[in-house]
$ cat final_38.txt   # compact mmCIF, C-alpha atoms
# COMPACT_ATOMS: atom_id res chain seq x y z
CA MET A 1 -3.48 -15.05 -18.49
CA ARG A 2 -6.72 -16.75 -17.46
CA ARG A 3 -9.77 -14.51 -17.14
CA THR A 4 -12.64 -15.71 -14.95
CA ARG A 5 -16.14 -14.75 -15.96
CA LEU A 6 -17.29 -11.95 -13.68
CA ALA A 7 -20.86 -13.17 -13.65
CA ALA A 8 -19.76 -16.49 -12.20
CA LEU A 9 -17.58 -14.73 -9.68
CA THR A 10 -20.39 -12.48 -8.47
CA ALA A 11 -22.82 -15.38 -8.08
CA GLY A 12 -20.43 -17.74 -6.35
CA LEU A 13 -17.96 -15.54 -4.55
CA VAL A 14 -19.78 -15.01 -1.27
CA CYS A 15 -20.60 -18.64 -0.52
CA ALA A 16 -18.05 -20.68 -2.49
CA VAL A 17 -14.80 -18.78 -2.84
CA PHE A 18 -14.43 -15.82 -0.55
CA PHE A 19 -16.02 -16.71 2.75
CA MET A 20 -14.88 -19.40 5.09
CA THR A 21 -18.22 -20.08 6.81
CA SER A 22 -21.11 -22.19 5.59
CA CYS A 23 -24.10 -20.64 3.87
CA SER A 24 -26.28 -22.77 6.12
CA THR A 25 -25.68 -20.19 8.85
CA TYR A 26 -27.28 -17.48 6.72
CA GLN A 27 -30.40 -16.95 8.82
CA ASN A 28 -28.52 -16.88 12.14
CA PHE A 29 -26.02 -14.46 10.66
CA LYS A 30 -28.74 -12.22 9.26
CA GLU A 31 -30.53 -12.06 12.59
CA ALA A 32 -27.31 -11.10 14.39
CA PHE A 33 -27.29 -7.66 12.78
CA PHE A 34 -29.16 -4.84 14.43
CA GLU A 35 -30.78 -1.78 12.92
CA LYS A 36 -28.85 1.44 13.57
CA GLU A 37 -30.34 4.89 13.68
CA GLY A 38 -30.91 6.15 10.14
CA GLN A 39 -29.77 2.85 8.66
CA ALA A 40 -32.04 0.27 7.05
CA ALA A 41 -32.22 -3.08 8.79
CA ASP A 42 -31.09 -4.81 5.60
CA THR A 43 -28.04 -2.55 5.03
CA ILE A 44 -24.44 -2.64 6.27
CA ARG A 45 -22.42 0.54 5.99
CA ILE A 46 -18.73 0.64 5.09
CA GLY A 47 -17.06 4.03 5.36
CA VAL A 48 -14.72 5.32 2.66
CA LEU A 49 -12.44 8.04 4.03
CA GLU A 50 -10.44 9.47 1.14
CA PRO A 51 -9.31 12.79 -0.38
CA GLN A 52 -11.81 13.40 -3.17
CA THR A 53 -10.69 17.00 -3.66
CA GLY A 54 -7.35 18.80 -3.20
CA ASN A 55 -3.78 17.84 -4.03
CA ASP A 56 -4.08 14.24 -2.84
CA SER A 57 -7.30 13.48 -4.72
CA PRO A 58 -5.59 11.57 -7.61
CA MET A 59 -4.25 9.02 -5.13
CA GLY A 60 -7.49 8.98 -3.20
CA ASP A 61 -9.30 8.25 -6.46
CA LEU A 62 -7.11 5.19 -7.07
CA GLU A 63 -7.93 3.73 -3.66
CA ILE A 64 -11.62 4.43 -4.25
CA GLN A 65 -11.44 2.69 -7.64
CA GLY A 66 -10.25 -0.50 -5.96
CA ILE A 67 -12.87 -0.30 -3.22
CA GLU A 68 -15.66 0.24 -5.74
CA LEU A 69 -14.47 -2.58 -8.02
CA ALA A 70 -14.66 -4.97 -5.07
CA HIS A 71 -18.02 -3.57 -4.00
CA ASN A 72 -19.40 -4.18 -7.49
CA LEU A 73 -18.31 -7.81 -7.27
CA VAL A 74 -19.57 -8.35 -3.71
CA PRO A 75 -22.37 -5.85 -3.05
CA GLU A 76 -24.03 -7.92 -0.30
CA ILE A 77 -23.20 -9.88 2.82
CA ALA A 78 -25.62 -12.74 3.54
CA GLY A 79 -28.42 -10.92 1.80
CA LYS A 80 -27.71 -7.53 3.32
CA LYS A 81 -26.83 -4.68 0.98
CA VAL A 82 -23.43 -3.09 1.55
CA GLU A 83 -23.69 0.69 1.38
CA LEU A 84 -20.51 2.70 0.81
CA ILE A 85 -20.61 6.00 2.66
CA TYR A 86 -18.01 8.58 1.63
CA ALA A 87 -16.21 11.32 3.54
CA ASP A 88 -13.87 13.74 1.75
CA THR A 89 -10.71 14.71 3.68
CA GLN A 90 -10.11 17.47 1.10
CA SER A 91 -6.37 16.65 1.32
CA ASN A 92 -6.30 18.73 4.50
CA ILE A 93 -5.75 17.61 8.10
CA TYR A 94 -8.22 20.15 9.46
CA ALA A 95 -10.96 19.20 7.02
CA ALA A 96 -10.14 15.56 7.75
CA GLU A 97 -11.17 15.95 11.39
CA THR A 98 -14.61 17.11 10.34
CA ALA A 99 -14.83 14.35 7.73
CA VAL A 100 -14.02 11.65 10.28
CA ASP A 101 -16.57 13.04 12.74
CA ALA A 102 -19.24 13.04 10.02
CA LEU A 103 -18.38 9.46 9.14
CA ILE A 104 -18.60 8.34 12.77
CA GLU A 105 -22.10 9.83 13.05
CA LYS A 106 -23.23 7.48 10.27
CA GLN A 107 -22.07 4.47 12.32
CA PRO A 108 -20.17 2.41 9.74
CA ALA A 109 -19.28 -1.17 10.55
CA ILE A 110 -15.74 -0.46 9.32
CA VAL A 111 -13.84 2.37 7.61
CA LEU A 112 -11.43 2.07 4.66
CA GLY A 113 -8.64 4.62 4.06
CA SER A 114 -7.37 7.25 4.07
CA TYR A 115 -4.62 8.10 1.63
CA GLY A 116 -2.03 10.19 3.50
CA ASP A 117 -0.30 9.34 6.76
CA ALA A 118 -1.24 12.54 8.60
CA VAL A 119 -4.93 12.16 7.83
CA SER A 120 -4.87 8.48 8.79
CA LEU A 121 -3.26 9.36 12.12
CA ILE A 122 -6.14 11.74 12.85
CA ALA A 123 -8.65 9.07 11.84
CA SER A 124 -6.87 6.47 13.95
CA GLN A 125 -7.32 8.49 17.12
CA LYS A 126 -10.99 9.28 16.55
CA LEU A 127 -12.03 5.85 15.27
CA GLY A 128 -10.10 4.13 18.04
CA GLU A 129 -12.01 6.06 20.69
CA LYS A 130 -15.29 4.84 19.16
CA GLN A 131 -13.99 1.28 18.65
CA ILE A 132 -14.71 1.41 14.92
CA PRO A 133 -12.37 -0.88 12.95
CA ALA A 134 -10.50 0.57 9.99
CA ILE A 135 -8.15 -0.60 7.25
CA ALA A 136 -5.55 1.75 5.79
CA VAL A 137 -4.92 1.14 2.10
CA THR A 138 -1.57 2.76 1.22
CA ALA A 139 -0.68 4.77 4.36
CA THR A 140 2.60 3.47 5.81
CA ASN A 141 3.24 5.35 9.08
CA PRO A 142 3.61 2.68 11.81
CA LEU A 143 1.89 4.89 14.41
CA ILE A 144 -1.43 4.53 12.58
CA THR A 145 -1.76 0.95 13.79
CA ALA A 146 0.58 1.07 16.79
CA ASN A 147 -1.63 3.53 18.67
CA ASN A 148 -4.95 1.88 17.81
CA SER A 149 -5.72 -1.83 18.07
CA TYR A 150 -8.73 -1.30 15.78
CA TYR A 151 -6.69 0.00 12.82
CA PHE A 152 -5.19 -2.38 10.27
CA ARG A 153 -3.42 -1.87 6.96
CA VAL A 154 -2.96 -3.82 3.73
CA SER A 155 0.28 -2.11 2.71
CA PHE A 156 3.59 -2.66 4.46
CA THR A 157 5.19 -0.04 6.73
CA ASP A 158 8.17 2.25 6.18
CA ALA A 159 10.21 0.04 8.50
CA SER A 160 9.37 -3.09 6.49
CA GLN A 161 10.34 -1.36 3.27
CA GLY A 162 13.70 -0.30 4.68
CA ARG A 163 14.57 -3.80 5.82
CA ALA A 164 13.40 -5.43 2.58
CA LEU A 165 15.37 -3.05 0.38
CA ALA A 166 18.52 -3.73 2.40
CA GLU A 167 17.95 -7.46 1.82
CA TYR A 168 17.71 -6.73 -1.90
CA VAL A 169 21.01 -4.85 -1.92
CA PHE A 170 22.82 -7.63 -0.07
CA SER A 171 21.19 -10.77 -1.52
CA ALA A 172 20.12 -9.79 -5.04
CA LEU A 173 22.66 -7.13 -5.98
CA GLN A 174 25.33 -8.90 -3.88
CA LEU A 175 26.68 -5.60 -2.60
CA LYS A 176 28.02 -4.89 0.86
CA GLN A 177 27.97 -1.11 0.73
CA ALA A 178 25.42 1.52 -0.14
CA ALA A 179 24.84 5.26 -0.05
CA VAL A 180 21.76 6.92 1.43
CA VAL A 181 20.05 10.11 0.23
CA LYS A 182 17.21 11.73 2.15
CA VAL A 183 15.66 15.17 2.50
CA ARG A 184 16.66 17.21 5.55
CA ASP A 185 14.04 17.45 8.30
CA GLU A 186 11.67 15.10 6.49
CA ASP A 187 10.42 12.81 9.22
CA THR A 188 8.53 10.46 6.91
CA SER A 189 11.74 8.82 5.66
CA THR A 190 13.59 8.66 8.99
CA GLU A 191 12.33 5.21 10.01
CA MET A 192 12.91 3.79 6.53
CA VAL A 193 16.51 5.01 6.47
CA SER A 194 17.13 3.76 10.00
CA GLN A 195 15.84 0.27 9.24
CA PHE A 196 17.65 0.08 5.90
CA SER A 197 20.97 1.04 7.49
CA ALA A 198 20.56 -1.26 10.51
CA ARG A 199 19.58 -4.24 8.39
CA LEU A 200 22.43 -3.78 5.90
CA GLU A 201 24.88 -3.42 8.80
CA LYS A 202 23.62 -6.67 10.30
CA LEU A 203 23.80 -8.52 6.99
CA THR A 204 27.32 -7.31 6.19
CA ASP A 205 28.63 -7.22 9.77
CA ASP A 206 30.13 -3.87 8.83
CA GLU A 207 29.43 -0.70 10.79
CA GLU A 208 30.71 1.34 7.83
CA CYS A 209 28.52 -0.26 5.16
CA ILE A 210 26.82 3.11 4.51
CA VAL A 211 29.65 4.79 2.63
CA GLU A 212 27.90 8.12 2.04
CA SER A 213 24.92 9.77 3.71
CA ILE A 214 23.45 12.86 2.07
CA GLU A 215 20.72 15.18 3.29
CA LEU A 216 19.23 17.32 0.55
CA PRO A 217 17.99 20.80 1.52
CA GLN A 218 14.22 21.05 1.14
CA ASP A 219 14.69 23.94 -1.30
CA VAL A 220 17.42 22.24 -3.34
CA LYS A 221 17.47 23.38 -6.97
CA THR A 222 20.23 21.21 -8.41
CA CYS A 223 22.13 18.18 -7.11
CA GLU A 224 25.44 18.40 -8.97
CA LYS A 225 27.61 18.67 -5.84
CA PHE A 226 25.76 15.77 -4.23
CA ALA A 227 26.21 13.65 -7.33
CA GLU A 228 29.96 14.24 -7.12
CA ARG A 229 29.90 12.98 -3.53
CA LEU A 230 28.09 9.84 -4.65
CA LYS A 231 30.62 9.32 -7.42
CA ALA A 232 33.52 9.72 -5.02
CA SER A 233 31.99 7.22 -2.58
CA GLY A 234 32.06 4.44 -5.15
CA ALA A 235 28.63 3.24 -4.04
CA GLN A 236 26.86 1.05 -6.59
CA ALA A 237 23.57 1.06 -4.67
CA ILE A 238 21.92 4.32 -3.64
CA PHE A 239 18.92 4.16 -1.33
CA MET A 240 16.88 7.31 -1.85
CA PRO A 241 13.53 7.51 0.02
CA VAL A 242 12.55 10.92 -1.33
CA SER A 243 9.73 12.18 -3.51
CA LEU A 244 10.01 11.76 -7.28
CA SER A 245 10.53 15.50 -7.71
CA TYR A 246 13.75 15.29 -5.66
CA ALA A 247 14.67 12.01 -7.34
CA GLU A 248 14.47 13.59 -10.78
CA LYS A 249 16.92 16.31 -9.75
CA MET A 250 19.36 13.66 -8.54
CA PHE A 251 18.91 11.53 -11.67
CA ASP A 252 19.67 14.58 -13.81
CA ALA A 253 22.81 15.38 -11.80
CA VAL A 254 24.03 11.79 -11.91
CA ASP A 255 23.44 11.73 -15.66
CA LYS A 256 25.55 14.86 -16.11
CA ALA A 257 28.28 13.41 -13.87
CA GLY A 258 28.47 10.31 -16.06
CA ILE A 259 27.58 7.88 -13.27
CA ASN A 260 26.16 4.75 -14.89
CA ALA A 261 27.00 1.64 -12.89
CA VAL A 262 24.59 2.33 -10.04
CA THR A 263 21.16 1.18 -8.93
CA PHE A 264 18.86 3.74 -7.38
CA ILE A 265 16.50 2.16 -4.87
CA GLY A 266 13.26 3.84 -3.92
CA PRO A 267 10.15 3.39 -1.76
CA LYS A 268 6.85 2.08 -3.00
CA ASP A 269 5.62 5.67 -3.41
CA TRP A 270 7.75 5.78 -6.57
CA HIS A 271 5.75 2.93 -8.10
CA SER A 272 3.80 4.87 -10.72
CA ASP A 273 3.62 5.85 -14.36
CA ASP A 274 5.67 8.93 -13.47
CA LEU A 275 8.62 6.69 -12.58
CA ILE A 276 8.32 4.90 -15.91
CA LYS A 277 8.59 8.29 -17.63
CA LEU A 278 11.72 9.10 -15.60
CA GLN A 279 13.25 5.76 -16.53
CA GLN A 280 12.63 6.59 -20.18
CA LYS A 281 14.33 9.95 -19.68
CA TYR A 282 17.37 8.43 -17.94
CA PRO A 283 17.74 4.95 -19.49
CA GLN A 284 21.34 4.54 -18.30
CA ILE A 285 20.20 4.49 -14.65
CA THR A 286 18.80 1.32 -13.08
CA ILE A 287 15.88 2.03 -10.78
CA ALA A 288 14.51 -0.55 -8.33
CA VAL A 289 11.45 0.10 -6.21
CA ALA A 290 9.48 -1.63 -3.46
CA ALA A 291 6.05 -2.86 -4.55
CA ASP A 292 2.86 -4.23 -3.05
CA PHE A 293 1.49 -5.48 -6.34
CA THR A 294 2.92 -6.28 -9.77
CA ALA A 295 1.30 -7.98 -12.73
CA GLU A 296 4.38 -9.78 -14.09
CA THR A 297 7.74 -11.22 -13.09
CA ALA A 298 10.93 -10.96 -15.06
CA ASP A 299 12.28 -14.15 -16.62
CA GLY A 300 14.46 -16.00 -14.12
CA ALA A 301 13.54 -13.66 -11.28
CA GLU A 302 13.69 -14.92 -7.69
CA VAL A 303 10.02 -14.28 -7.11
CA GLU A 304 7.92 -17.06 -5.59
CA THR A 305 4.54 -15.34 -5.77
CA VAL A 306 3.27 -11.83 -6.40
CA THR A 307 -0.45 -12.50 -6.36
CA GLY A 308 -3.20 -14.13 -4.37
CA SER A 309 -6.33 -15.98 -5.44
CA PHE A 310 -8.22 -12.79 -6.33
CA TYR A 311 -5.53 -11.56 -8.70
CA GLU A 312 -7.11 -12.63 -11.98
CA GLU A 313 -10.65 -11.66 -10.92
CA PHE A 314 -9.34 -8.24 -9.94
CA LEU A 315 -7.55 -7.68 -13.26
CA ALA A 316 -10.62 -8.83 -15.20
CA ALA A 317 -12.81 -6.39 -13.27
CA TYR A 318 -10.29 -3.58 -13.75
CA LYS A 319 -10.04 -4.19 -17.49
CA LYS A 320 -13.82 -4.27 -17.84
CA ALA A 321 -14.16 -0.97 -15.94
CA TYR A 322 -11.16 0.94 -17.34
CA GLY A 323 -10.12 -0.87 -20.51
CA LYS A 324 -6.56 -1.50 -19.32
CA ASP A 325 -4.67 -4.73 -18.71
CA GLU A 326 -2.50 -3.30 -15.92
CA ALA A 327 -3.73 -1.68 -12.73
CA PRO A 328 -1.96 0.68 -10.30
CA GLU A 329 -1.07 -1.01 -7.05
CA ALA A 330 -3.16 1.46 -5.02
CA VAL A 331 -6.24 0.13 -6.84
CA ALA A 332 -5.32 -3.47 -6.01
CA LEU A 333 -4.80 -2.53 -2.35
CA GLY A 334 -8.16 -0.75 -2.19
CA PHE A 335 -9.75 -3.87 -3.64
CA ASP A 336 -8.12 -6.04 -0.99
CA ALA A 337 -9.12 -3.69 1.84
CA TYR A 338 -12.79 -3.99 0.90
CA MET A 339 -12.64 -7.77 0.49
CA LEU A 340 -10.96 -8.14 3.88
CA ALA A 341 -13.59 -5.91 5.47
CA VAL A 342 -16.44 -7.97 4.03
CA GLN A 343 -14.81 -11.22 5.11
CA ALA A 344 -14.33 -9.91 8.65
CA ILE A 345 -17.95 -8.77 8.97
CA GLU A 346 -19.20 -12.09 7.65
CA GLN A 347 -16.99 -14.11 9.97
CA ALA A 348 -17.90 -11.92 12.95
CA GLY A 349 -21.59 -12.56 12.30
CA ASP A 350 -22.20 -9.07 13.67
CA VAL A 351 -21.38 -5.42 13.02
CA SER A 352 -20.03 -4.83 16.50
CA GLY A 353 -16.66 -3.08 16.26
CA THR A 354 -15.01 -5.44 18.72
CA LYS A 355 -16.18 -8.56 16.90
CA VAL A 356 -15.16 -7.25 13.48
CA LYS A 357 -11.75 -6.24 14.86
CA ASP A 358 -11.26 -9.68 16.37
CA ALA A 359 -12.20 -11.30 13.05
CA LEU A 360 -9.60 -9.19 11.24
CA LEU A 361 -6.95 -10.27 13.76
CA MET A 362 -7.72 -13.89 12.90
CA THR A 363 -7.05 -13.32 9.18
CA GLU A 364 -4.60 -15.90 7.85
CA ASN A 365 -3.38 -16.22 4.26
CA PHE A 366 -6.13 -14.14 2.69
CA GLY A 367 -5.50 -14.48 -1.05
CA GLY A 368 -5.83 -10.88 -2.12
CA ALA A 369 -5.13 -9.29 -5.48
CA SER A 370 -1.88 -7.91 -4.04
CA GLY A 371 -0.78 -11.24 -2.55
CA ASP A 372 -1.43 -13.36 0.51
CA ILE A 373 -2.17 -11.32 3.64
CA SER A 374 -2.18 -12.24 7.33
CA PHE A 375 -2.33 -9.75 10.18
CA ASN A 376 -0.11 -9.71 13.25
CA GLU A 377 -1.27 -8.59 16.68
CA SER A 378 -0.56 -4.94 15.77
CA GLY A 379 -2.71 -4.96 12.65
CA GLU A 380 0.30 -5.01 10.34
CA PRO A 381 0.17 -7.27 7.27
CA LYS A 382 2.48 -10.23 7.11
CA LYS A 383 3.09 -10.28 3.39
CA ALA A 384 5.90 -10.54 0.88
CA ILE A 385 7.48 -7.37 -0.50
CA ASN A 386 8.31 -7.39 -4.18
CA ILE A 387 11.20 -5.45 -5.67
CA ASP A 388 10.43 -4.14 -9.16
CA VAL A 389 12.43 -2.69 -12.02
CA ILE A 390 11.20 -1.23 -15.29
CA GLN A 391 11.61 -3.31 -18.42
CA GLU A 392 10.13 -2.33 -21.78
CA ASP A 393 8.22 0.52 -20.16
CA ARG A 394 6.46 -1.63 -17.56
CA PHE A 395 7.11 -2.80 -14.02
CA VAL A 396 8.28 -6.37 -13.50
CA SER A 397 9.14 -8.05 -10.22
CA ILE A 398 12.69 -9.33 -9.96
CA TYR A 399 12.99 -10.27 -6.29
CA THR A 400 10.77 -11.07 -3.31
CA VAL A 401 11.57 -10.52 0.34
CA LYS A 402 9.37 -12.42 2.80

$ encode --input "final_38.txt" --output "structure tokens"
Amino acid sequence: MRRTRLAALTAGLVCAVFFMTSCSTYQNFKEAFFEKEGQAADTIRIGVLEPQTGNDSPMGDLEIQGIELAHNLVPEIAGKKVELIYADTQSNIYAAETAVDALIEKQPAIVLGSYGDAVSLIASQKLGEKQIPAIAVTATNPLITANNSYYFRVSFTDASQGRALAEYVFSALQLKQAAVVKVRDEDTSTEMVSQFSARLEKLTDDEECIVESIELPQDVKTCEKFAERLKASGAQAIFMPVSLSYAEKMFDAVDKAGINAVTFIGPKDWHSDDLIKLQQKYPQITIAVAADFTAETADGAEVETVTGSFYEEFLAAYKKAYGKDEAPEAVALGFDAYMLAVQAIEQAGDVSGTKVKDALLMTENFGGASGDISFNESGEPKKAINIDVIQEDRFVSIYTVK
């Protein structure tokens, strides 16, 4: 894989690769910015709203890694220093309110984050009232952007995942029936299940295409009786938008029941090293998962593209910083969020929230590390969704749904 010299990237990125406008407008652009209270005239602030402590901090750290990698590559906009200002949600919705308020007081041009749908919903309301643009990195709840025209996201929604995974079942697996497993009273998966079922029904023209629907109790200890129901249904595809802790219990039960000829299909939240470990533990089970970003494609896979123009620069920066060839997708998405923010500010020629928001809306075919991104009128990304499986202890893309 080609590796571009980071020094060349840093020197040329702003004027030659990343930005769409001419460097001849530098002085006019520079003069368009205004000095904010407590902020140097030659500084632009970008807020980073993430859990830096608490249970969600490992995921927050991944998003921050991507943001900081991009910031290291592009630390200025037209000669103005970009200052990252951080607010810790503490993985708590109550602490998040205070964190958002503190961030607003510092008057950022745009805010990136946060990990966690509930926290992002709180941020959406507060930032929307102040007309401060924001870009969610991995949060998928559609209400984050639906209720705030200033909030965007670089990851696809739960609804998009559901539809894409149904397409995979029908077109790639060539199956016309599936089973669904969810956790009882867990609202986060409701929309995904609804869209998966509706899309598969439309594709198959069969109202009974979901041959088994299981709701696991939240306190479930073992899944043996549910595995027997799956076995009796004859389903070869099992859509299971649950956490990996629930998934492991089902994998164990299916293993004991001797069910082999099935593909378990999960949401992008599964896309992690923990899933690779589960695949190693249950090698007889095929696991497919939605993905925003994957480094490789399987031989002969129906994947047109999994990366944008910043893909190789991103991987080179990640390897330099962390010594690894492969990066988690949350890091790639954080990288893209920052790059999109910088592009929008540059194209707006101002730090006014309305102008930056309008610039984001005009984004077309931004070649991010995670693929090409355009935004629709609701701030949702129009981007391909990859379907990954695990081969030789690594994720590879085997199918793309546009």

$ residues_near_point --input "final_38.txt" --point "(-7.7, -16.5, 5.2)" --cutoff "10 Å" --atoms "all atoms listed in the file" --output "PyMOL selection string"
chain A and resi 18-20+340+343-344+360+362-368+372-375

$ closest_residue --input "final_38.txt" --among "A:Leu200, A:Val262, A:Leu165, A:Ile390" --to "Lys277 of chain A" --atoms "only C-alpha atoms"
A:Ile390

$ closest_residue --input "final_38.txt" --among "A:Ser370, A:Ala316, A:Ile265, A:Asn260" --to "Thr294 of chain A" --atoms "all atoms listed in the file"
A:Ser370

$ atom_distance --input "final_38.txt" --atom1 "atom CA of Arg394 of chain A" --atom2 "atom CA of Glu50 of chain A"
27.5 Å

$ closest_residue --input "final_38.txt" --among "A:Gln347, A:Ser155, A:Ser213, A:Gln284" --to "Val331 of chain A" --atoms "only C-alpha atoms"
A:Ser155

$ closest_residue --input "final_38.txt" --among "A:Ile44, A:Ile287, A:Ile276, A:Ala369" --to "Ala327 of chain A" --atoms "all atoms listed in the file"
A:Ala369

$ closest_residue --input "final_38.txt" --among "A:Ala118, A:Gln52, A:Asp388, A:Asn72" --to "Ala87 of chain A" --atoms "all atoms listed in the file"
A:Gln52

$ closest_residue --input "final_38.txt" --among "A:Lys281, A:Lys126, A:Lys202, A:Arg163" --to "Asn148 of chain A" --atoms "only C-alpha atoms"
A:Lys126

$ atom_distance --input "final_38.txt" --atom1 "atom CA of Glu68 of chain A" --atom2 "atom CA of Ala348 of chain A"
22.4 Å
